[in-house]
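J.: What follows is a single structure, and I will ask about it in a moment.
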Amino acid sequence: MAHDRSVASPEYLRALPKAEFHCHLEGSVPATTAVSLARRNGVKLRTADPDVLYQFDTFEEFLDVYVAVSAAMTTPRDFAEVAYDCLTDAQRTGNLRYREMSFNPTNHPSLTYPQMLEGLLDGLRSAQADTGVECRLIVAINREQSPSVARDLVADVIAHRCDEVVAIGIDHNERAGAPAEFVEAYRAAAAAGLHRTAHAGERGDSQEVRDSIELLGVERIDHGYAVLSDPDLVTSARSEGIHFATCWSTGLLHHGGDPAAIEIGPMIAAGLSVSINSDDPPMFNTDIGTEFVLAGQSLSLTRDQAADLARAGLDSAFVDDTDRSRLHKVFAAEIERLDRELDGHDPTD
Ligand code: ADE
Ligand code: ZN
């Protein structure tokens with residue numbers, strides 16, 4: 001039986017191939033894993049009850065939990081296991097094909113940067129060998145720490161270059177560290193050929209987005225919702241091709257659970273380049289498949305619109321042209337297969 005082409009069903013939204021550009025390693029630790037890691041490594045969390053650990057009402061409380069869970073990851077093996085599990089889970093539950101995943105090295109003071117990298121690369125390579133999911137890395141600056149910590153971190157990244165680490169980013173509380181403070185770190189990264197992204201305009205105002213683009217030279221913005229309050233900035237972001245890596249469930253936290261207040265639909269309608277991402281999946285009780293289901297249903301996406309959204313970030317991925325065209329081909333074939341399956345054709349004929 002042919003399905004209604006005009007409506008993207010939850011099954012279709014979940015089955016679409018996904019690429020995401022905004023997902024934190026430390027935010028991807030399931031609560032049960034966080035509790036086991038803390039026990040194994042002798043680190044204290046605010047509770048040993050996994051059902052309670054990820055209960056928070058405010059963004060600040062969320063960041064406290066995020067920092068505590070980061071501190072529970074103390075060995076290369078922890079990094080390998082968390083990376084492997086989160087990638088293979090997202091592949092299995094949401095057909096994740098490609099991710100650029102960030103991590104906060106300075107949230108793990110007991111490990112050196114090369115030690116973290118060793119574990120991460122092990123996890124990434126095993127996940128790709130077992131499921132085909134590809135992952136590159138973004139080293140994130142914690143803006144609540146000092147600009148000199150950020151400069152040292154970038155120096156470490158440059159001293160230990162590897163193909164998988166493609167960019168730097170900046171996260172944590174926008175109210176703590178303005179973009180202007182991190183110009184030197186971003187300049188050093190750019191000079192070394194690293195791509196740049198930044199969390200901005202998540203709760204702060206549009207000036208954060210403007211400063212991230214103009215002072216830090218970012219190519220992408222993580223979140224960026226405040227852009228809508230500045231029509232000139234919308235116009236320039238659109239013409240410069242700045243990409244916005246947005247997150248539905250994080251928006252729900254910021255808007256008291258009200259999907260109608262989420263800015264992602266208006267950003268797409270304004271012609272901005274927008275992708276859907278999972279940010280901190282288990283901490284926000286979501287996964288990349290669920291993010292597409294929530295966004296697709298709330299925005300009443302057609303199948304074609306949903307498929308376009310699934311491909312939307314590929315042009316802004318931090319990859320070379322060969323990899324970009326390979327990813328586009330993989331997505332086109334997968335979407336065609338899905339459409340044929342839903343339209344009642346045998347996908348093998
Ligand atoms: N770290 C992890 N998730 C974050 C978010 N949504 N905003 C800022 N910092 C973060
Ligand atoms: Zn984030």
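We name chains A, B, ... following the order of the structure tokens; residues begin at 1 in each chain, and ligands are numbered from 1 as shown.
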Please identify which residues in region 46-156 of chain A DSSP calls strand (DSSP E) from the backbone, and express them as JSON, numbers by chain.

T.: {"A": [96, 97, 98, 99, 100, 101, 102, 103, 134, 135, 136, 137, 138, 139, 140, 141, 142]}

J.: According to DSSP computed on the backbone, where in region 215-324 of chain A is there alpha helix (DSSP H)? Give the residues as a VMD selection string.

T.: chain A and resid 231 to 240 248 to 254 264 to 269 288 to 298 303 to 311 321 to 324

J.: At a cut-off of 6 Å and counting only C-alpha atoms and all ligand atoms, what residues surround ligand 1? Please answer as a PDB file with C-alpha atoms, in the first residue's frame.

T.:
ATOM      1  CA  HIS A  24      28.804  16.328  23.395  1.00  0.00           C
ATOM      2  CA  ASP A 171      30.542  25.724  25.231  1.00  0.00           C
ATOM      3  CA  HIS A 172      29.235  25.998  28.821  1.00  0.00           C
ATOM      4  CA  ASN A 173      27.509  29.100  30.136  1.00  0.00           C
ATOM      5  CA  ASP A 279      23.304  17.911  22.104  1.00  0.00           C
ATOM      6  CA  ASP A 280      23.378  15.791  25.324  1.00  0.00           C
TER       7      ASP A 280
END

J.: Taking only C-alpha atoms and all ligand atoms into account, which residues are within 12 Å of ligand 2, as number ranges by chain?

T.: A: 20-28, 59, 62-63, 66, 100-104, 138, 140-142, 169-174, 197-203, 221-224, 244-251, 276-281, 283-284

J.: Please indicate the distance in Å from CA of Glu184 (chain A) to CA of Ser110 (chain A), rounded to one decimal place.

T.: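 The value is 25.7 Å.
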
J.: Could you jot down the CA of Phe331 (chain A) to CA of Glu11 (chain A) separation for me, Å, one decimal place?

T.: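 Those two atoms sit 16.9 Å apart.
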
J.: Skip Gly296 (chain A) itself and residues of its chain fewer than 3 positions away, then list as a ChimeraX atom specification all residues within 7 Å of it, counting only C-alpha atoms.

T.: /A:8,13,292-293,299-301,306

J.: Okay, now the selection with all heavy atoms, as a PDB file, in the first residue's frame?

T.:
ATOM      1  N   ALA A   8       5.552  13.155   7.012  1.00  0.00           N
ATOM      2  CA  ALA A   8       6.688  12.351   7.486  1.00  0.00           C
ATOM      3  C   ALA A   8       6.241  11.657   8.766  1.00  0.00           C
ATOM      4  O   ALA A   8       6.027  12.307   9.786  1.00  0.00           O
ATOM      5  CB  ALA A   8       7.892  13.247   7.748  1.00  0.00           C
ATOM      6  N   LEU A  13      10.801   9.459  10.041  1.00  0.00           N
ATOM      7  CA  LEU A  13      11.718  10.433  10.662  1.00  0.00           C
ATOM      8  C   LEU A  13      12.857   9.714  11.377  1.00  0.00           C
ATOM      9  O   LEU A  13      14.017  10.116  11.310  1.00  0.00           O
ATOM     10  CB  LEU A  13      10.948  11.323  11.647  1.00  0.00           C
ATOM     11  CG  LEU A  13       9.974  12.300  10.974  1.00  0.00           C
ATOM     12  CD1 LEU A  13       8.912  12.789  11.957  1.00  0.00           C
ATOM     13  CD2 LEU A  13      10.734  13.486  10.378  1.00  0.00           C
ATOM     14  N   PHE A 292      14.490  14.041  15.612  1.00  0.00           N
ATOM     15  CA  PHE A 292      13.830  14.191  14.303  1.00  0.00           C
ATOM     16  C   PHE A 292      12.328  13.971  14.420  1.00  0.00           C
ATOM     17  O   PHE A 292      11.546  14.649  13.760  1.00  0.00           O
ATOM     18  CB  PHE A 292      14.452  13.242  13.266  1.00  0.00           C
ATOM     19  CG  PHE A 292      15.532  13.911  12.466  1.00  0.00           C
ATOM     20  CD1 PHE A 292      16.772  14.161  13.036  1.00  0.00           C
ATOM     21  CD2 PHE A 292      15.303  14.334  11.161  1.00  0.00           C
ATOM     22  CE1 PHE A 292      17.771  14.813  12.315  1.00  0.00           C
ATOM     23  CE2 PHE A 292      16.293  14.982  10.431  1.00  0.00           C
ATOM     24  CZ  PHE A 292      17.527  15.224  11.001  1.00  0.00           C
ATOM     25  N   VAL A 293      11.930  13.018  15.263  1.00  0.00           N
ATOM     26  CA  VAL A 293      10.488  12.768  15.428  1.00  0.00           C
ATOM     27  C   VAL A 293       9.831  14.006  16.050  1.00  0.00           C
ATOM     28  O   VAL A 293       8.788  14.483  15.576  1.00  0.00           O
ATOM     29  CB  VAL A 293      10.248  11.505  16.296  1.00  0.00           C
ATOM     30  CG1 VAL A 293       8.768  11.354  16.621  1.00  0.00           C
ATOM     31  CG2 VAL A 293      10.763  10.253  15.570  1.00  0.00           C
ATOM     32  N   LEU A 299       6.779  20.499  13.536  1.00  0.00           N
ATOM     33  CA  LEU A 299       6.827  21.419  12.386  1.00  0.00           C
ATOM     34  C   LEU A 299       5.992  20.904  11.215  1.00  0.00           C
ATOM     35  O   LEU A 299       5.984  21.520  10.148  1.00  0.00           O
ATOM     36  CB  LEU A 299       8.281  21.621  11.936  1.00  0.00           C
ATOM     37  CG  LEU A 299       9.242  22.192  12.986  1.00  0.00           C
ATOM     38  CD1 LEU A 299      10.678  22.235  12.455  1.00  0.00           C
ATOM     39  CD2 LEU A 299       8.799  23.584  13.428  1.00  0.00           C
ATOM     40  N   SER A 300       5.279  19.783  11.422  1.00  0.00           N
ATOM     41  CA  SER A 300       4.447  19.168  10.372  1.00  0.00           C
ATOM     42  C   SER A 300       5.222  19.014   9.061  1.00  0.00           C
ATOM     43  O   SER A 300       4.763  19.434   7.989  1.00  0.00           O
ATOM     44  CB  SER A 300       3.193  20.018  10.101  1.00  0.00           C
ATOM     45  OG  SER A 300       2.472  20.199  11.272  1.00  0.00           O
ATOM     46  N   LEU A 301       6.398  18.418   9.153  1.00  0.00           N
ATOM     47  CA  LEU A 301       7.237  18.287   7.958  1.00  0.00           C
ATOM     48  C   LEU A 301       6.683  17.238   7.004  1.00  0.00           C
ATOM     49  O   LEU A 301       6.198  16.178   7.432  1.00  0.00           O
ATOM     50  CB  LEU A 301       8.658  17.881   8.348  1.00  0.00           C
ATOM     51  CG  LEU A 301       9.470  18.861   9.203  1.00  0.00           C
ATOM     52  CD1 LEU A 301      10.870  18.297   9.456  1.00  0.00           C
ATOM     53  CD2 LEU A 301       9.565  20.241   8.542  1.00  0.00           C
ATOM     54  N   ALA A 306      11.525  16.642   5.468  1.00  0.00           N
ATOM     55  CA  ALA A 306      12.287  15.907   6.488  1.00  0.00           C
ATOM     56  C   ALA A 306      13.592  15.376   5.895  1.00  0.00           C
ATOM     57  O   ALA A 306      14.654  15.440   6.523  1.00  0.00           O
ATOM     58  CB  ALA A 306      11.446  14.772   7.056  1.00  0.00           C
TER      59      ALA A 306
END

J.: Would you compute the distance between CA of Gly123 (chain A) and CA of Ala167 (chain A)? Give it in Å to one decimal.

T.: 18.8 Å

J.: Which is closer to Ser212 (chain A) than all the others in A:Ala312, A:Val67, A:Ala178, A:Ala90, using only C-alpha atoms?

T.: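 Selected residue with least distance to Ser212 (chain A): A:Ala178.
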